[in-house]
$ cat work34.pdb   # PDB, C-alpha atoms
ATOM      1  CA  MET A   1       0.000   0.000   0.000
ATOM      2  CA  LYS A   2       2.758   2.433   0.982
ATOM      3  CA  LYS A   3       4.622   1.687  -2.250
ATOM      4  CA  ASN A   4       1.433   2.378  -4.219
ATOM      5  CA  ILE A   5       0.980   5.663  -2.377
ATOM      6  CA  PHE A   6       4.501   6.792  -3.201
ATOM      7  CA  CYS A   7       4.081   5.777  -6.844
ATOM      8  CA  ALA A   8       0.857   7.764  -7.034
ATOM      9  CA  ILE A   9       2.606  10.787  -5.533
ATOM     10  CA  ALA A  10       5.370  10.530  -8.098
ATOM     11  CA  LEU A  11       2.903  10.397 -10.984
ATOM     12  CA  LEU A  12       0.868  13.263  -9.584
ATOM     13  CA  ALA A  13       3.926  15.415  -9.056
ATOM     14  CA  VAL A  14       5.174  15.158 -12.643
ATOM     15  CA  ALA A  15       2.796  17.889 -13.748
ATOM     16  CA  GLY A  16       3.367  20.028 -10.687
ATOM     17  CA  LEU A  17       7.138  20.041 -11.036
ATOM     18  CA  PHE A  18       7.210  21.360 -14.604
ATOM     19  CA  ASN A  19       7.200  25.066 -13.769
ATOM     20  CA  ALA A  20       7.824  27.772 -16.338
ATOM     21  CA  CYS A  21       9.241  30.602 -14.264
ATOM     22  CA  ASN A  22      11.079  33.913 -14.635
ATOM     23  CA  ASN A  23      12.910  34.291 -17.930
ATOM     24  CA  SER A  24      15.799  36.188 -16.329
ATOM     25  CA  THR A  25      19.123  34.341 -16.317
ATOM     26  CA  PRO A  26      21.520  35.567 -13.617
ATOM     27  CA  LYS A  27      25.232  35.032 -14.250
ATOM     28  CA  MET A  28      26.523  31.714 -13.011
ATOM     29  CA  ASP A  29      30.114  30.481 -12.871
ATOM     30  CA  GLU A  30      30.301  27.096 -11.135
ATOM     31  CA  PRO A  31      26.737  26.486  -9.874
ATOM     32  CA  SER A  32      26.188  24.463  -6.728
ATOM     33  CA  ALA A  33      23.492  21.790  -6.549
ATOM     34  CA  SER A  34      21.102  24.215  -4.873
ATOM     35  CA  GLU A  35      21.574  26.703  -7.719
ATOM     36  CA  GLY A  36      20.760  24.318 -10.538
ATOM     37  CA  ALA A  37      22.542  24.877 -13.837
ATOM     38  CA  GLN A  38      22.279  26.874 -17.011
ATOM     39  CA  VAL A  39      21.486  25.172 -20.314
ATOM     40  CA  GLY A  40      20.876  27.051 -23.529
ATOM     41  CA  GLY A  41      20.313  30.262 -21.633
ATOM     42  CA  MET A  42      17.801  28.644 -19.252
ATOM     43  CA  ARG A  43      18.230  27.892 -15.542
ATOM     44  CA  ILE A  44      16.951  24.416 -14.754
ATOM     45  CA  ALA A  45      16.904  22.054 -11.782
ATOM     46  CA  TYR A  46      15.292  18.766 -10.816
ATOM     47  CA  ILE A  47      13.802  17.039  -7.783
ATOM     48  CA  GLU A  48      13.832  13.324  -6.960
ATOM     49  CA  ILE A  49      10.216  12.693  -5.951
ATOM     50  CA  ASP A  50      10.963   9.315  -4.339
ATOM     51  CA  SER A  51      13.411  10.988  -1.968
ATOM     52  CA  LEU A  52      10.979  13.806  -1.274
ATOM     53  CA  THR A  53       8.118  11.478  -0.358
ATOM     54  CA  ALA A  54      10.423   9.328   1.778
ATOM     55  CA  GLN A  55      11.802  12.269   3.775
ATOM     56  CA  TYR A  56       9.039  14.888   3.797
ATOM     57  CA  GLU A  57       7.424  14.612   7.231
ATOM     58  CA  PHE A  58       3.904  15.334   5.980
ATOM     59  CA  ALA A  59       4.146  12.513   3.410
ATOM     60  CA  LYS A  60       5.714  10.114   5.915
ATOM     61  CA  GLU A  61       3.059  10.728   8.574
ATOM     62  CA  ASN A  62       0.104  10.505   6.217
ATOM     63  CA  SER A  63       1.446   7.461   4.380
ATOM     64  CA  LEU A  64       1.821   5.698   7.727
ATOM     65  CA  GLU A  65      -1.732   6.644   8.703
ATOM     66  CA  LEU A  66      -3.112   5.388   5.395
ATOM     67  CA  GLU A  67      -1.168   2.162   5.816
ATOM     68  CA  LYS A  68      -2.692   1.641   9.255
ATOM     69  CA  LYS A  69      -6.203   2.250   7.948
ATOM     70  CA  SER A  70      -5.591  -0.132   5.057
ATOM     71  CA  THR A  71      -4.361  -2.831   7.451
ATOM     72  CA  ASN A  72      -7.361  -2.339   9.746
ATOM     73  CA  ALA A  73      -9.760  -2.564   6.809
ATOM     74  CA  ARG A  74      -8.045  -5.704   5.514
ATOM     75  CA  ASN A  75      -8.181  -7.331   8.950
ATOM     76  CA  THR A  76     -11.861  -6.445   9.336
ATOM     77  CA  ILE A  77     -12.772  -7.994   5.987
ATOM     78  CA  GLN A  78     -10.676 -11.080   6.699
ATOM     79  CA  SER A  79     -12.300 -11.593  10.099
ATOM     80  CA  LYS A  80     -15.817 -11.241   8.724
ATOM     81  CA  SER A  81     -14.989 -13.499   5.771
ATOM     82  CA  GLN A  82     -13.761 -16.216   8.118
ATOM     83  CA  GLN A  83     -16.924 -15.904  10.206
ATOM     84  CA  LEU A  84     -19.064 -16.185   7.076
ATOM     85  CA  GLU A  85     -17.167 -19.307   5.991
ATOM     86  CA  LYS A  86     -17.739 -20.814   9.421
ATOM     87  CA  ASN A  87     -21.457 -20.002   9.298
ATOM     88  CA  VAL A  88     -21.748 -21.550   5.832
ATOM     89  CA  ALA A  89     -19.971 -24.708   7.019
ATOM     90  CA  ASN A  90     -22.307 -24.938  10.023
ATOM     91  CA  PHE A  91     -25.331 -24.494   7.783
ATOM     92  CA  GLN A  92     -24.195 -27.249   5.409
ATOM     93  CA  GLN A  93     -23.447 -29.623   8.261
ATOM     94  CA  LYS A  94     -26.811 -28.960   9.864
ATOM     95  CA  LEU A  95     -28.536 -29.430   6.533
ATOM     96  CA  GLN A  96     -26.812 -32.774   5.943
ATOM     97  CA  ASN A  97     -27.678 -33.964   9.442
ATOM     98  CA  ASN A  98     -31.319 -32.964   9.072
ATOM     99  CA  GLY A  99     -30.864 -30.413  11.811
ATOM    100  CA  PHE A 100     -33.601 -28.117  10.536
ATOM    101  CA  THR A 101     -37.134 -28.794  11.746
ATOM    102  CA  SER A 102     -38.674 -27.658   8.491
ATOM    103  CA  ARG A 103     -37.857 -26.585   4.966
ATOM    104  CA  GLU A 104     -38.880 -23.048   5.850
ATOM    105  CA  GLN A 105     -36.345 -22.947   8.678
ATOM    106  CA  ALA A 106     -33.583 -24.084   6.324
ATOM    107  CA  GLU A 107     -34.567 -21.497   3.727
ATOM    108  CA  SER A 108     -34.602 -18.809   6.398
ATOM    109  CA  ALA A 109     -31.091 -19.771   7.523
ATOM    110  CA  GLN A 110     -29.900 -19.788   3.923
ATOM    111  CA  ALA A 111     -31.397 -16.324   3.340
ATOM    112  CA  ALA A 112     -29.600 -15.063   6.447
ATOM    113  CA  LEU A 113     -26.294 -16.328   5.042
ATOM    114  CA  GLN A 114     -27.010 -14.551   1.757
ATOM    115  CA  ARG A 115     -27.662 -11.296   3.604
ATOM    116  CA  GLU A 116     -24.437 -11.760   5.550
ATOM    117  CA  GLN A 117     -22.537 -12.242   2.309
ATOM    118  CA  ASN A 118     -24.168  -9.185   0.722
ATOM    119  CA  ASN A 119     -23.323  -7.098   3.779
ATOM    120  CA  LEU A 120     -19.715  -8.246   3.607
ATOM    121  CA  VAL A 121     -19.438  -7.264  -0.062
ATOM    122  CA  ALA A 122     -21.001  -3.874   0.680
ATOM    123  CA  LEU A 123     -18.619  -3.327   3.604
ATOM    124  CA  GLN A 124     -15.604  -4.171   1.487
ATOM    125  CA  GLN A 125     -16.708  -1.757  -1.242
ATOM    126  CA  ARG A 126     -17.332   1.004   1.311
ATOM    127  CA  LEU A 127     -13.949   0.573   2.985
ATOM    128  CA  GLU A 128     -12.153   0.535  -0.366
ATOM    129  CA  SER A 129     -13.989   3.695  -1.419
ATOM    130  CA  GLU A 130     -13.140   5.459   1.848
ATOM    131  CA  LEU A 131      -9.469   4.557   1.518
ATOM    132  CA  ALA A 132      -9.381   5.707  -2.101
ATOM    133  CA  ASN A 133     -10.962   9.037  -1.139
ATOM    134  CA  GLU A 134      -8.498   9.564   1.711
ATOM    135  CA  GLN A 135      -5.576   8.733  -0.544
ATOM    136  CA  ALA A 136      -6.850  11.191  -3.174
ATOM    137  CA  LYS A 137      -7.133  13.922  -0.532
ATOM    138  CA  PHE A 138      -3.622  13.168   0.688
ATOM    139  CA  LEU A 139      -2.190  13.295  -2.829
ATOM    140  CA  GLN A 140      -3.911  16.614  -3.490
ATOM    141  CA  ALA A 141      -2.628  18.026  -0.194
ATOM    142  CA  PHE A 142       0.878  16.839  -1.056
ATOM    143  CA  GLN A 143       0.682  18.440  -4.496
ATOM    144  CA  ASP A 144      -0.642  21.705  -3.044
ATOM    145  CA  SER A 145       2.144  21.748  -0.471
ATOM    146  CA  LEU A 146       4.769  21.181  -3.148
ATOM    147  CA  ASP A 147       3.280  23.793  -5.487
ATOM    148  CA  HIS A 148       3.081  26.432  -2.757
ATOM    149  CA  PHE A 149       6.606  25.776  -1.563
ATOM    150  CA  LEU A 150       8.091  25.870  -5.073
ATOM    151  CA  SER A 151       6.233  29.090  -5.820
ATOM    152  CA  ASP A 152       7.864  30.823  -2.849
ATOM    153  CA  TYR A 153      11.189  29.033  -3.318
ATOM    154  CA  ASN A 154      11.475  29.988  -6.976
ATOM    155  CA  ALA A 155      10.609  33.623  -6.353
ATOM    156  CA  ASP A 156      14.186  33.866  -5.144
ATOM    157  CA  LYS A 157      15.901  31.146  -7.177
ATOM    158  CA  LYS A 158      14.244  32.111 -10.477
ATOM    159  CA  PHE A 159      14.610  28.785 -12.265
ATOM    160  CA  ASP A 160      13.075  28.599 -15.727
ATOM    161  CA  LEU A 161      12.272  24.906 -15.246
ATOM    162  CA  ILE A 162      12.033  22.629 -12.215
ATOM    163  CA  LEU A 163      11.693  19.029 -13.384
ATOM    164  CA  ASN A 164      10.857  15.646 -11.928
ATOM    165  CA  LYS A 165      13.973  13.443 -12.057
ATOM    166  CA  ALA A 166      11.730  10.467 -12.915
ATOM    167  CA  ALA A 167      10.968  12.091 -16.278
ATOM    168  CA  ILE A 168      14.677  12.554 -17.115
ATOM    169  CA  LEU A 169      16.861   9.787 -18.502
ATOM    170  CA  GLN A 170      20.095  11.275 -17.179
ATOM    171  CA  ALA A 171      21.089  14.472 -15.388
ATOM    172  CA  ASP A 172      24.168  15.901 -13.718
ATOM    173  CA  LYS A 173      24.034  16.058  -9.918
ATOM    174  CA  ARG A 174      24.545  19.836 -10.014
ATOM    175  CA  TYR A 175      20.946  20.144 -11.247
ATOM    176  CA  ASP A 176      19.648  18.386  -8.124
ATOM    177  CA  ILE A 177      17.813  20.616  -5.610
ATOM    178  CA  THR A 178      16.040  17.731  -3.841
ATOM    179  CA  GLU A 179      17.766  18.086  -0.471
ATOM    180  CA  GLU A 180      17.157  21.817  -0.325
ATOM    181  CA  VAL A 181      13.476  21.341  -1.174
ATOM    182  CA  ILE A 182      13.080  18.570   1.424
ATOM    183  CA  ASN A 183      14.676  20.678   4.136
ATOM    184  CA  GLY A 184      12.642  23.724   3.200
ATOM    185  CA  MET A 185       9.323  21.846   3.083
ATOM    186  CA  ASN A 186      10.027  20.154   6.411
ATOM    187  CA  ARG A 187      10.855  23.469   8.056
ATOM    188  CA  ARG A 188       7.639  24.977   6.726
ATOM    189  CA  TYR A 189       5.569  21.952   7.757
ATOM    190  CA  LYS A 190       6.957  21.832  11.306
ATOM    191  CA  LYS A 191       6.444  25.582  11.690
ATOM    192  CA  ASN A 192       2.840  25.688  10.503
ATOM    193  CA  ALA A 193       1.384  22.255  11.338
ATOM    194  CA  ALA A 194      -0.178  21.806  14.767
ATOM    195  CA  PRO A 195       1.209  18.791  16.683
ATOM    196  CA  ALA A 196      -1.991  16.768  16.322
ATOM    197  CA  ASP A 197      -2.968  18.018  12.865
ATOM    198  CA  THR A 198      -1.113  16.605   9.830
ATOM    199  CA  THR A 199      -3.469  18.157   7.275
ATOM    200  CA  LYS A 200      -1.844  21.599   7.337
ATOM    201  CA  THR A 201       0.928  21.675   4.793
ATOM    202  CA  ASN A 202       1.686  25.338   4.302
TER     203      ASN A 202
END
$ encode --input "work34.pdb" --output "structure tokens"
Amino acid sequence: MKKNIFCAIALLAVAGLFNACNNSTPKMDEPSASEGAQVGGMRIAYIEIDSLTAQYEFAKENSLELEKKSTNARNTIQSKSQQLEKNVANFQQKLQNNGFTSREQAESAQAALQREQNNLVALQQRLESELANEQAKFLQAFQDSLDHFLSDYNADKKFDLILNKAAILQADKRYDITEEVINGMNRRYKKNAAPADTTKTN
């Protein structure tokens, strides 16, 4: 589940990281990693999204929470499925041993098992939908946090392009601003997020 969450974040962030910014190109001699690099008159840099999601506190906390909820949902469905299987086995055994006093009683027990099965299917669908909605909200919050940070960050840096490393076949390390972005986003998150509230990202 956590791997799927991180993959979804990476896909979502591809669009958000492609920022066309200020066209000015300050003079650069030997740029450091945090300054990006100049190519064809453009200042560009990249971010490794996998590293960002693994080290950004907001992403780490929310991914862990989603993982817990997913595990709880899975355990709930498994427990109810096992109980249903047990009830079905008891019904079949009772039916074979002529344990029902009438046909109507057997049909009533069978109908109860069908309702139990229908309820289990409905519960599974509801839990899956709730998890999907929470993951979508998390991904949107992550994207908003990244967009807002890069907007403020690039007001000073003035990169023409900030790219997602995943969309680049090869790039020199001097283009990498990942660590600076991680540190900056974590500082902002810790400053603005209340201790018990991981939904504030700005």
$ atom_distance --input "work34.pdb" --atom1 "atom CA of Gln135 of chain A" --atom2 "atom CA of Leu66 of chain A"
7.2 Å
$ resolve_selection --input "work34.pdb" --expression "the PyMOL selection byres ((chain A and resi 109) around 12)" --output "short mmCIF file (atom, residue, chain, number, x, y, z; two decimals) with C-alpha atoms, keeping the file's coordinate frame"
data_model
loop_
_atom_site.label_atom_id
_atom_site.label_comp_id
_atom_site.auth_asym_id
_atom_site.auth_seq_id
_atom_site.Cartn_x
_atom_site.Cartn_y
_atom_site.Cartn_z
CA ASN A 87 -21.46 -20.00 9.30
CA VAL A 88 -21.75 -21.55 5.83
CA ASN A 90 -22.31 -24.94 10.02
CA PHE A 91 -25.33 -24.49 7.78
CA GLN A 92 -24.20 -27.25 5.41
CA LYS A 94 -26.81 -28.96 9.86
CA LEU A 95 -28.54 -29.43 6.53
CA GLY A 99 -30.86 -30.41 11.81
CA PHE A 100 -33.60 -28.12 10.54
CA THR A 101 -37.13 -28.79 11.75
CA SER A 102 -38.67 -27.66 8.49
CA ARG A 103 -37.86 -26.58 4.97
CA GLU A 104 -38.88 -23.05 5.85
CA GLN A 105 -36.34 -22.95 8.68
CA ALA A 106 -33.58 -24.08 6.32
CA GLU A 107 -34.57 -21.50 3.73
CA SER A 108 -34.60 -18.81 6.40
CA GLN A 110 -29.90 -19.79 3.92
CA ALA A 111 -31.40 -16.32 3.34
CA ALA A 112 -29.60 -15.06 6.45
CA LEU A 113 -26.29 -16.33 5.04
CA GLN A 114 -27.01 -14.55 1.76
CA ARG A 115 -27.66 -11.30 3.60
CA GLU A 116 -24.44 -11.76 5.55
#
$ atom_distance --input "work34.pdb" --atom1 "atom CA of Asn154 of chain A" --atom2 "atom CA of Ala136 of chain A"
26.5 Å
$ resolve_selection --input "work34.pdb" --expression "the PyMOL selection byres ((chain A and resi 149) around 12)" --output "PyMOL selection string"
chain A and resi 16-17+142-148+150-156+180-189+201-202
$ atom_distance --input "work34.pdb" --atom1 "atom CA of Arg43 of chain A" --atom2 "atom CA of Phe58 of chain A"
28.7 Å
$ closest_residue --input "work34.pdb" --among "A:Lys80, A:Phe138, A:Leu169, A:Gln125" --to "Ala59 of chain A" --atoms "all atoms listed in the file"
A:Phe138
$ resolve_selection --input "work34.pdb" --expression "the PyMOL selection byres ((chain A and resi 132) around 12)" --output "CSV table (one decimal) with C-alpha atoms, in the frame of the given file"
chain,number,residue,atom,x,y,z
A,1,MET,CA,0.0,0.0,0.0
A,4,ASN,CA,1.4,2.4,-4.2
A,5,ILE,CA,1.0,5.7,-2.4
A,8,ALA,CA,0.9,7.8,-7.0
A,66,LEU,CA,-3.1,5.4,5.4
A,67,GLU,CA,-1.2,2.2,5.8
A,69,LYS,CA,-6.2,2.2,7.9
A,70,SER,CA,-5.6,-0.1,5.1
A,125,GLN,CA,-16.7,-1.8,-1.2
A,126,ARG,CA,-17.3,1.0,1.3
A,127,LEU,CA,-13.9,0.6,3.0
A,128,GLU,CA,-12.2,0.5,-0.4
A,129,SER,CA,-14.0,3.7,-1.4
A,130,GLU,CA,-13.1,5.5,1.8
A,131,LEU,CA,-9.5,4.6,1.5
A,133,ASN,CA,-11.0,9.0,-1.1
A,134,GLU,CA,-8.5,9.6,1.7
A,135,GLN,CA,-5.6,8.7,-0.5
A,136,ALA,CA,-6.8,11.2,-3.2
A,137,LYS,CA,-7.1,13.9,-0.5
A,138,PHE,CA,-3.6,13.2,0.7
A,139,LEU,CA,-2.2,13.3,-2.8
$ residues_near_point --input "work34.pdb" --point "(10.9, 17.6, -8.2)" --cutoff "7 Å" --atoms "only C-alpha atoms" --output "ChimeraX atom specification"
/A:17,46-49,162-165,178
$ closest_residue --input "work34.pdb" --among "A:Lys60, A:Lys86, A:Lys157, A:Lys68" --to "Ile44 of chain A" --atoms "only C-alpha atoms"
A:Lys157
